[in-house]
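Undergrad: Quick one: the structure is below, and I'll ask about it shortly.
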Amino acid sequence: MRYARTAAALAALALAATAMAAHHEKPERNTLVIQADFAGLVMTGVAKSVSKDLEVFNVRPLIPLYDIRAASESLAYNAQTWPAGTVFVSVVDPGVGTSRKSVVLKTKNGLYFVSPDNGSLSGPAEDYGIEAVREIDETVNRRPGTEWAHTFHGRDVYSYTGARLAAGVIGFEEVGPLLEPAVIRLELEAGSYDDQVFEGQVAGGVDRLGNIYFNIDRGLFERDAPGYGDVYEIVITNDERVVWEGSMPYVKSFGSVPVGDNLLFINSSGLLSVAVNQGNFADKFGIGYGPDWRVRIVKRR
Amino acid sequence: MRYARTAAALAALALAATAMAAHHEKPERNTLVIQADFAGLVMTGVAKSVSKDLEVFNVRPLIPLYDIRAASESLAYNAQTWPAGTVFVSVVDPGVGTSRKSVVLKTKNGLYFVSPDNGSLSGPAEDYGIEAVREIDETVNRRPGTEWAHTFHGRDVYSYTGARLAAGVIGFEEVGPLLEPAVIRLELEAGSYDDQVFEGQVAGGVDRLGNIYFNIDRGLFERDAPGYGDVYEIVITNDERVVWEGSMPYVKSFGSVPVGDNLLFINSSGLLSVAVNQGNFADKFGIGYGPDWRVRIVKRR
Amino acid sequence: MRYARTAAALAALALAATAMAAHHEKPERNTLVIQADFAGLVMTGVAKSVSKDLEVFNVRPLIPLYDIRAASESLAYNAQTWPAGTVFVSVVDPGVGTSRKSVVLKTKNGLYFVSPDNGSLSGPAEDYGIEAVREIDETVNRRPGTEWAHTFHGRDVYSYTGARLAAGVIGFEEVGPLLEPAVIRLELEAGSYDDQVFEGQVAGGVDRLGNIYFNIDRGLFERDAPGYGDVYEIVITNDERVVWEGSMPYVKSFGSVPVGDNLLFINSSGLLSVAVNQGNFADKFGIGYGPDWRVRIVKRR
């Protein structure tokens, strides 16, 4: 996961959401959140035609074209703070017109994810747990009058179904038949800790901010009993070639080191991360991410 | 129209909207949708000052600067799914400070479009039909205290009037005096079908997706009795120079051909289109659009 | 200020807002407006977890990374039209993890601004006046379960506090202890008028539109008794080197001159400005802004 959350962090966040929800008494309306790899307000219009009272948000920036892994990571990352009942629609659908299934995933924390089952649901399934999966029955859950259209299921099926679910026009059981509680998973890997050495990979962060993070969560990292100020030796390799090698302090936050200095820290998703304070570590040192980008981390003792 | 809709498609969509609206009984609030060629939330703030209950969406990405044709196409395209009563404000206004009229167009399907009458309303008028046009009476429908400002009618007149209309502070008849039921039209052209040959132009799609479409709608195309799998010969010319020539199958959707293959299909707006599955046809082959870009399409028999 | 408002303009706008608010009688819900130098809907989700009824807007485009001056200007510019009670959250926080204070500024026109006190609040304080400043008490106003997170106060403190304030879960006095009514100010400067000569600096407008404006507001400019059509001689220098020199008419709006011609005008924020009609003056002539970019303006008599 680009921004995977640790189990501990998730439990804490779920508690927080529950505590906050207790402020309310009257029936609440649920929000629809739409992400896609193209722009426009056509899908939002569908939702408002289902119910003018429905609130809709569109994820920006757009998901990169056809990038199912990015869709999966964005869904899981953005959903982390939303209340139970929120419905997410994801339309990254390079296989539109093939036999991939159109489904609604309900996660254990009460969120709904409407998407083609093409890997986009991998992140939410992993982070929040699968409660149930239903296949969308298009004989019921398709906008009337759109049977001629074969290229824009986001408009005619996904946002329509998501909006009906969020607005309470249909319940989850009316989406369509139950499937096995499983979705297509993208391959993921966890880092390791043996003999005081962390091994893992650069899991993401190669973006506008450039704060890279590893598949090493704070639970695993704490097994090394780190203290703020401890110095760690870090080697980042690409296909076994060393791309960056050096040491930096483990600190609480960016402001703990001078501007321009490197830091090792736990990011807001609970993952061990490396950054330049007010700089872009990935850009500066040409770091990429994925299975070919490995990291080795050892405390200087 | 960049994404023109066919009459048949529109009728179907209107039916769908009506069917969906029947779910509601209590009075509904209408939404304001703002598009402009500049960013910021100043116009949104005007709307919320008119009524804190008003919901507002901003079209992203921005309309290209001063591009009235893009404004017209975006208005018509984005409006296709919204319920009756929705108010669209369009602020692409290169002639601010000249005598172009400020108007509200009401279309036959019950949508409202607030804009300078500079061609921006061409698309909605064509696709949805003109019910009535009123000129905005600025002695009433202008934000108090802004008489000194001459360069931002989007803030002081258009979003203010649109918000008052959407919130029910004024009715349509209070916008200002009725004009002739007409707006300034941008030149458009329809494709032709004679002797089993389609002739037309590349009407749009030269964008992030690159799925180009022609001014040949599905009603016209069906006159050739196409079947999925039929192969069509296509020639695209720019100023009579051949830019692309080849054949491809007519299929249902992207997934009907291998990744990287070309396909001929009906797009979600009901227009005949050409794409590379998971690629960008326009970029790959250097295709543009507009009157100088012609297409000739014939079924291989 | 990039788009500073004059006192006269502000007074007028405030009157307008008051007049508009009078339309309402039932209790109104307040809106949350979030700006940041990074994307995503995580902070929006926090707000919706506080109250599903809360409406949230996200400022786009993003604030440039770590750019506190841009944050300050954007806050002041975008807030100009919003009704009293609106809560703005600004998360441009290069010093996260240092001792900069987390505060809520209430301005004299009844708006709230939640931000680190790092200069981001300079613009709103100047334009709208300081009513009071409170420091956020994180023992109360921090999302439960997030004590382990040290790098994303925007999620855990600012949007959480802003949402609670907007939704009425807490009142302003429950934010935390009162501070001195002051915020960190960014250095600003006003233009001058002596012996019929204006001296000032290019204050902004070096953007997508390129309509540059000076630190000369319309109140000051009127002291020269300008009439539409009067011609002004303008010299723009960078570090005392002349970058542009010429004359242009003072006019009402863009459409008052032919396309491609230069114009001198009062922009929508009430500041003296220079533009090319339907062009980008800053780009065309290589104009920058800031203290090193000076302007001298004299009427041709």
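By convention in this document, the chains of the structure tokens carry letters A, B, ... by their order, each chain's residues are numbered from 1, and ligands are numbered from 1 in the order they are shown.
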Could you name the residues that touch C:Gly95 at 10 Å or less, counting only C-alpha atoms, but leaving out those on the same chain fewer than 6 positions away, as a list in words?

TA: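 The contact residues come out as Ser253, Phe254, Gly255, Ser256, Val259, Asn277 and Gln278 of chain A; Tyr66, Pro116, Asn118 and Thr151 of chain C.
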
Undergrad: Can I get the selection written as a PDB file, in the first residue's frame, with N, CA and C atoms?

TA:
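part-v2.pdb, freshly written:
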ATOM      1  N   SER A 253       9.398  14.750  14.008  1.00  0.00           N
ATOM      2  CA  SER A 253       8.714  15.410  12.897  1.00  0.00           C
ATOM      3  C   SER A 253       9.718  16.236  12.094  1.00  0.00           C
ATOM      4  N   PHE A 254       9.246  16.806  11.024  1.00  0.00           N
ATOM      5  CA  PHE A 254      10.104  17.565  10.116  1.00  0.00           C
ATOM      6  C   PHE A 254      10.907  18.649  10.826  1.00  0.00           C
ATOM      7  N   GLY A 255      10.198  19.408  11.695  1.00  0.00           N
ATOM      8  CA  GLY A 255      10.844  20.543  12.339  1.00  0.00           C
ATOM      9  C   GLY A 255      11.916  20.144  13.335  1.00  0.00           C
ATOM     10  N   SER A 256      12.108  18.848  13.535  1.00  0.00           N
ATOM     11  CA  SER A 256      13.142  18.392  14.474  1.00  0.00           C
ATOM     12  C   SER A 256      14.536  18.488  13.882  1.00  0.00           C
ATOM     13  N   VAL A 259      16.215  22.871   8.145  1.00  0.00           N
ATOM     14  CA  VAL A 259      15.738  22.832   6.770  1.00  0.00           C
ATOM     15  C   VAL A 259      16.847  22.306   5.863  1.00  0.00           C
ATOM     16  N   ASN A 277      13.788  17.790   5.098  1.00  0.00           N
ATOM     17  CA  ASN A 277      12.923  18.828   5.646  1.00  0.00           C
ATOM     18  C   ASN A 277      12.761  19.960   4.629  1.00  0.00           C
ATOM     19  N   GLN A 278      11.515  20.185   4.172  1.00  0.00           N
ATOM     20  CA  GLN A 278      11.180  21.177   3.155  1.00  0.00           C
ATOM     21  C   GLN A 278      11.839  20.904   1.810  1.00  0.00           C
TER      22      GLN A 278
ATOM     23  N   TYR C  66       5.008  24.753   0.874  1.00  0.00           N
ATOM     24  CA  TYR C  66       5.709  25.525   1.913  1.00  0.00           C
ATOM     25  C   TYR C  66       5.602  27.042   1.714  1.00  0.00           C
ATOM     26  N   PRO C 116      -1.528  27.148  11.570  1.00  0.00           N
ATOM     27  CA  PRO C 116      -0.343  27.486  12.358  1.00  0.00           C
ATOM     28  C   PRO C 116      -0.094  28.994  12.226  1.00  0.00           C
ATOM     29  N   ASN C 118       2.167  31.098  11.443  1.00  0.00           N
ATOM     30  CA  ASN C 118       3.497  31.148  10.828  1.00  0.00           C
ATOM     31  C   ASN C 118       3.568  32.197   9.724  1.00  0.00           C
ATOM     32  N   THR C 151       3.215  14.345  12.312  1.00  0.00           N
ATOM     33  CA  THR C 151       3.549  15.021  11.057  1.00  0.00           C
ATOM     34  C   THR C 151       2.330  15.517  10.288  1.00  0.00           C
TER      35      THR C 151
END

Undergrad: Pick out each residue of stretch 33-91 of chain A that DSSP on the backbone tags as alpha helix (DSSP H); I need them as a ChimeraX atom specification.

TA: /A:42-50,68-79

Undergrad: For the contact check between chain B and chain C, emit one row per residue of chain B within 6 Å, containing the shortest atom pair and the distance in Å rounded to one decimal, counting only C-alpha atoms, chain then rising number order, as CSV.

TA:
residue,atom,partner,partner_atom,distance
B:Leu41,CA,C:Asn78,CA,5.4
B:Val42,CA,C:Asn78,CA,5.0
B:Gly45,CA,C:Trp82,CA,4.2
B:Val46,CA,C:Thr81,CA,5.2
B:Ser49,CA,C:Pro83,CA,4.9
B:Val50,CA,C:Met20,CA,5.5
B:Gly95,CA,C:Gly255,CA,5.1
B:Val96,CA,C:Gly255,CA,5.6
B:Gly97,CA,C:Gly255,CA,4.6
B:Thr98,CA,C:Gly255,CA,4.9
B:Pro144,CA,C:Ala16,CA,5.0
B:Gly145,CA,C:Ala12,CA,4.5
B:Ala149,CA,C:Ser268,CA,5.7
B:His150,CA,C:Ser253,CA,5.7
B:Thr151,CA,C:Ser253,CA,5.5
B:Phe152,CA,C:Ser268,CA,5.8

Undergrad: Could those selected residues go to a file with N, CA, C and O atoms, as a PDB file, in the first residue's frame?

TA:
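Contents of out-v1.pdb, as written:
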ATOM      1  N   LEU B  41     -12.259  30.427  -4.922  1.00  0.00           N
ATOM      2  CA  LEU B  41     -13.562  30.175  -4.310  1.00  0.00           C
ATOM      3  C   LEU B  41     -14.312  31.468  -4.015  1.00  0.00           C
ATOM      4  O   LEU B  41     -15.202  31.497  -3.168  1.00  0.00           O
ATOM      5  N   VAL B  42     -13.963  32.536  -4.730  1.00  0.00           N
ATOM      6  CA  VAL B  42     -14.636  33.814  -4.496  1.00  0.00           C
ATOM      7  C   VAL B  42     -16.087  33.752  -4.967  1.00  0.00           C
ATOM      8  O   VAL B  42     -16.998  34.198  -4.261  1.00  0.00           O
ATOM      9  N   GLY B  45     -18.113  31.726  -2.620  1.00  0.00           N
ATOM     10  CA  GLY B  45     -18.436  32.504  -1.428  1.00  0.00           C
ATOM     11  C   GLY B  45     -19.642  33.412  -1.645  1.00  0.00           C
ATOM     12  O   GLY B  45     -20.485  33.563  -0.751  1.00  0.00           O
ATOM     13  N   VAL B  46     -19.728  34.009  -2.822  1.00  0.00           N
ATOM     14  CA  VAL B  46     -20.903  34.822  -3.138  1.00  0.00           C
ATOM     15  C   VAL B  46     -22.167  33.979  -2.997  1.00  0.00           C
ATOM     16  O   VAL B  46     -23.155  34.392  -2.377  1.00  0.00           O
ATOM     17  N   SER B  49     -23.056  33.293   0.488  1.00  0.00           N
ATOM     18  CA  SER B  49     -23.585  34.484   1.159  1.00  0.00           C
ATOM     19  C   SER B  49     -25.044  34.708   0.798  1.00  0.00           C
ATOM     20  O   SER B  49     -25.813  35.259   1.578  1.00  0.00           O
ATOM     21  N   VAL B  50     -25.427  34.286  -0.386  1.00  0.00           N
ATOM     22  CA  VAL B  50     -26.843  34.369  -0.768  1.00  0.00           C
ATOM     23  C   VAL B  50     -27.649  33.379   0.070  1.00  0.00           C
ATOM     24  O   VAL B  50     -28.708  33.699   0.591  1.00  0.00           O
ATOM     25  N   GLY B  95     -14.896  39.269 -23.344  1.00  0.00           N
ATOM     26  CA  GLY B  95     -15.418  40.584 -23.689  1.00  0.00           C
ATOM     27  C   GLY B  95     -15.941  41.361 -22.500  1.00  0.00           C
ATOM     28  O   GLY B  95     -16.718  42.297 -22.678  1.00  0.00           O
ATOM     29  N   VAL B  96     -15.503  41.012 -21.264  1.00  0.00           N
ATOM     30  CA  VAL B  96     -16.002  41.747 -20.111  1.00  0.00           C
ATOM     31  C   VAL B  96     -15.731  43.233 -20.319  1.00  0.00           C
ATOM     32  O   VAL B  96     -14.634  43.628 -20.699  1.00  0.00           O
ATOM     33  N   GLY B  97     -16.758  44.030 -20.127  1.00  0.00           N
ATOM     34  CA  GLY B  97     -16.603  45.456 -20.344  1.00  0.00           C
ATOM     35  C   GLY B  97     -17.064  45.888 -21.728  1.00  0.00           C
ATOM     36  O   GLY B  97     -16.983  47.061 -22.072  1.00  0.00           O
ATOM     37  N   THR B  98     -17.521  44.965 -22.551  1.00  0.00           N
ATOM     38  CA  THR B  98     -18.108  45.349 -23.836  1.00  0.00           C
ATOM     39  C   THR B  98     -19.618  45.163 -23.742  1.00  0.00           C
ATOM     40  O   THR B  98     -20.152  44.893 -22.680  1.00  0.00           O
ATOM     41  N   PRO B 144     -24.874  44.190  -4.004  1.00  0.00           N
ATOM     42  CA  PRO B 144     -24.805  45.559  -3.498  1.00  0.00           C
ATOM     43  C   PRO B 144     -23.363  45.931  -3.158  1.00  0.00           C
ATOM     44  O   PRO B 144     -22.599  45.096  -2.667  1.00  0.00           O
ATOM     45  N   GLY B 145     -22.997  47.166  -3.456  1.00  0.00           N
ATOM     46  CA  GLY B 145     -21.671  47.642  -3.066  1.00  0.00           C
ATOM     47  C   GLY B 145     -20.575  47.311  -4.059  1.00  0.00           C
ATOM     48  O   GLY B 145     -19.393  47.532  -3.781  1.00  0.00           O
ATOM     49  N   ALA B 149     -16.799  48.037  -9.482  1.00  0.00           N
ATOM     50  CA  ALA B 149     -15.996  46.952 -10.082  1.00  0.00           C
ATOM     51  C   ALA B 149     -16.487  46.669 -11.500  1.00  0.00           C
ATOM     52  O   ALA B 149     -17.673  46.417 -11.717  1.00  0.00           O
ATOM     53  N   HIS B 150     -15.566  46.696 -12.445  1.00  0.00           N
ATOM     54  CA  HIS B 150     -15.957  46.532 -13.850  1.00  0.00           C
ATOM     55  C   HIS B 150     -15.329  45.319 -14.517  1.00  0.00           C
ATOM     56  O   HIS B 150     -15.481  45.130 -15.713  1.00  0.00           O
ATOM     57  N   THR B 151     -14.565  44.532 -13.770  1.00  0.00           N
ATOM     58  CA  THR B 151     -13.804  43.457 -14.431  1.00  0.00           C
ATOM     59  C   THR B 151     -14.161  42.062 -13.939  1.00  0.00           C
ATOM     60  O   THR B 151     -13.566  41.100 -14.382  1.00  0.00           O
ATOM     61  N   PHE B 152     -15.104  41.923 -13.029  1.00  0.00           N
ATOM     62  CA  PHE B 152     -15.363  40.605 -12.461  1.00  0.00           C
ATOM     63  C   PHE B 152     -16.873  40.380 -12.333  1.00  0.00           C
ATOM     64  O   PHE B 152     -17.407  40.220 -11.247  1.00  0.00           O
TER      65      PHE B 152
END

Undergrad: By how many Å are atom CA of B:Ile136 and atom CA of B:Tyr158 apart?

TA: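 About the pair atom CA of B:Ile136 and atom CA of B:Tyr158: they are 8.7 Å apart.
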
Undergrad: Can you check which residues of stretch 81-182 of chain C DSSP gives as strand (DSSP E or B) on the backbone and send them as number ranges by chain?

TA: C: 87-91, 102-107, 112-116, 130-135, 178

Undergrad: Deliver the residues from the most recent selection as a file, using N, CA and C atoms, as an mmCIF file, in the first residue's frame.

TA:
data_model
loop_
_atom_site.group_PDB
_atom_site.id
_atom_site.type_symbol
_atom_site.label_atom_id
_atom_site.label_comp_id
_atom_site.auth_asym_id
_atom_site.auth_seq_id
_atom_site.Cartn_x
_atom_site.Cartn_y
_atom_site.Cartn_z
ATOM 1 N N VAL C 87 -15.684 28.959 8.382
ATOM 2 C CA VAL C 87 -14.407 28.594 9.009
ATOM 3 C C VAL C 87 -13.417 28.171 7.924
ATOM 4 N N PHE C 88 -12.291 28.844 7.862
ATOM 5 C CA PHE C 88 -11.224 28.501 6.919
ATOM 6 C C PHE C 88 -10.110 27.761 7.654
ATOM 7 N N VAL C 89 -9.687 26.659 7.091
ATOM 8 C CA VAL C 89 -8.547 25.923 7.626
ATOM 9 C C VAL C 89 -7.417 26.022 6.619
ATOM 10 N N SER C 90 -6.249 26.416 7.066
ATOM 11 C CA SER C 90 -5.093 26.522 6.173
ATOM 12 C C SER C 90 -3.959 25.655 6.701
ATOM 13 N N VAL C 91 -3.519 24.727 5.870
ATOM 14 C CA VAL C 91 -2.456 23.816 6.284
ATOM 15 C C VAL C 91 -1.262 23.954 5.341
ATOM 16 N N SER C 102 -0.464 26.784 17.180
ATOM 17 C CA SER C 102 -1.659 26.450 16.408
ATOM 18 C C SER C 102 -2.782 27.319 16.934
ATOM 19 N N VAL C 103 -3.366 28.142 16.068
ATOM 20 C CA VAL C 103 -4.326 29.136 16.560
ATOM 21 C C VAL C 103 -5.590 29.182 15.704
ATOM 22 N N VAL C 104 -6.590 29.836 16.262
ATOM 23 C CA VAL C 104 -7.766 30.235 15.485
ATOM 24 C C VAL C 104 -7.886 31.745 15.577
ATOM 25 N N LEU C 105 -7.881 32.389 14.427
ATOM 26 C CA LEU C 105 -8.079 33.837 14.336
ATOM 27 C C LEU C 105 -9.537 34.109 14.017
ATOM 28 N N LYS C 106 -10.173 34.939 14.836
ATOM 29 C CA LYS C 106 -11.511 35.432 14.468
ATOM 30 C C LYS C 106 -11.349 36.861 13.979
ATOM 31 N N THR C 107 -11.867 37.131 12.794
ATOM 32 C CA THR C 107 -11.731 38.481 12.245
ATOM 33 C C THR C 107 -12.982 39.311 12.546
ATOM 34 N N TYR C 112 -13.628 32.798 10.671
ATOM 35 C CA TYR C 112 -12.640 32.101 11.499
ATOM 36 C C TYR C 112 -11.556 31.507 10.606
ATOM 37 N N PHE C 113 -10.309 31.591 11.070
ATOM 38 C CA PHE C 113 -9.183 31.057 10.325
ATOM 39 C C PHE C 113 -8.346 30.179 11.251
ATOM 40 N N VAL C 114 -8.273 28.894 10.910
ATOM 41 C CA VAL C 114 -7.541 27.911 11.716
ATOM 42 C C VAL C 114 -6.232 27.601 10.988
ATOM 43 N N SER C 115 -5.104 27.782 11.663
ATOM 44 C CA SER C 115 -3.823 27.668 10.956
ATOM 45 C C SER C 115 -2.686 27.673 11.959
ATOM 46 N N PRO C 116 -1.528 27.148 11.570
ATOM 47 C CA PRO C 116 -0.343 27.486 12.358
ATOM 48 C C PRO C 116 -0.094 28.994 12.226
ATOM 49 N N ILE C 130 -8.405 41.981 13.248
ATOM 50 C CA ILE C 130 -8.386 40.936 14.276
ATOM 51 C C ILE C 130 -9.437 41.215 15.336
ATOM 52 N N GLU C 131 -10.342 40.259 15.529
ATOM 53 C CA GLU C 131 -11.290 40.346 16.653
ATOM 54 C C GLU C 131 -10.658 39.672 17.878
ATOM 55 N N ALA C 132 -10.124 38.464 17.683
ATOM 56 C CA ALA C 132 -9.480 37.744 18.782
ATOM 57 C C ALA C 132 -8.678 36.585 18.221
ATOM 58 N N VAL C 133 -7.682 36.144 19.001
ATOM 59 C CA VAL C 133 -6.871 34.993 18.616
ATOM 60 C C VAL C 133 -6.842 34.014 19.788
ATOM 61 N N ARG C 134 -7.100 32.746 19.517
ATOM 62 C CA ARG C 134 -7.016 31.722 20.560
ATOM 63 C C ARG C 134 -6.040 30.625 20.131
ATOM 64 N N GLU C 135 -5.319 30.099 21.106
ATOM 65 C CA GLU C 135 -4.440 28.967 20.824
ATOM 66 C C GLU C 135 -5.241 27.679 20.965
ATOM 67 N N LEU C 178 -7.199 32.479 25.224
ATOM 68 C CA LEU C 178 -7.009 33.716 24.470
ATOM 69 C C LEU C 178 -5.533 34.075 24.423
#
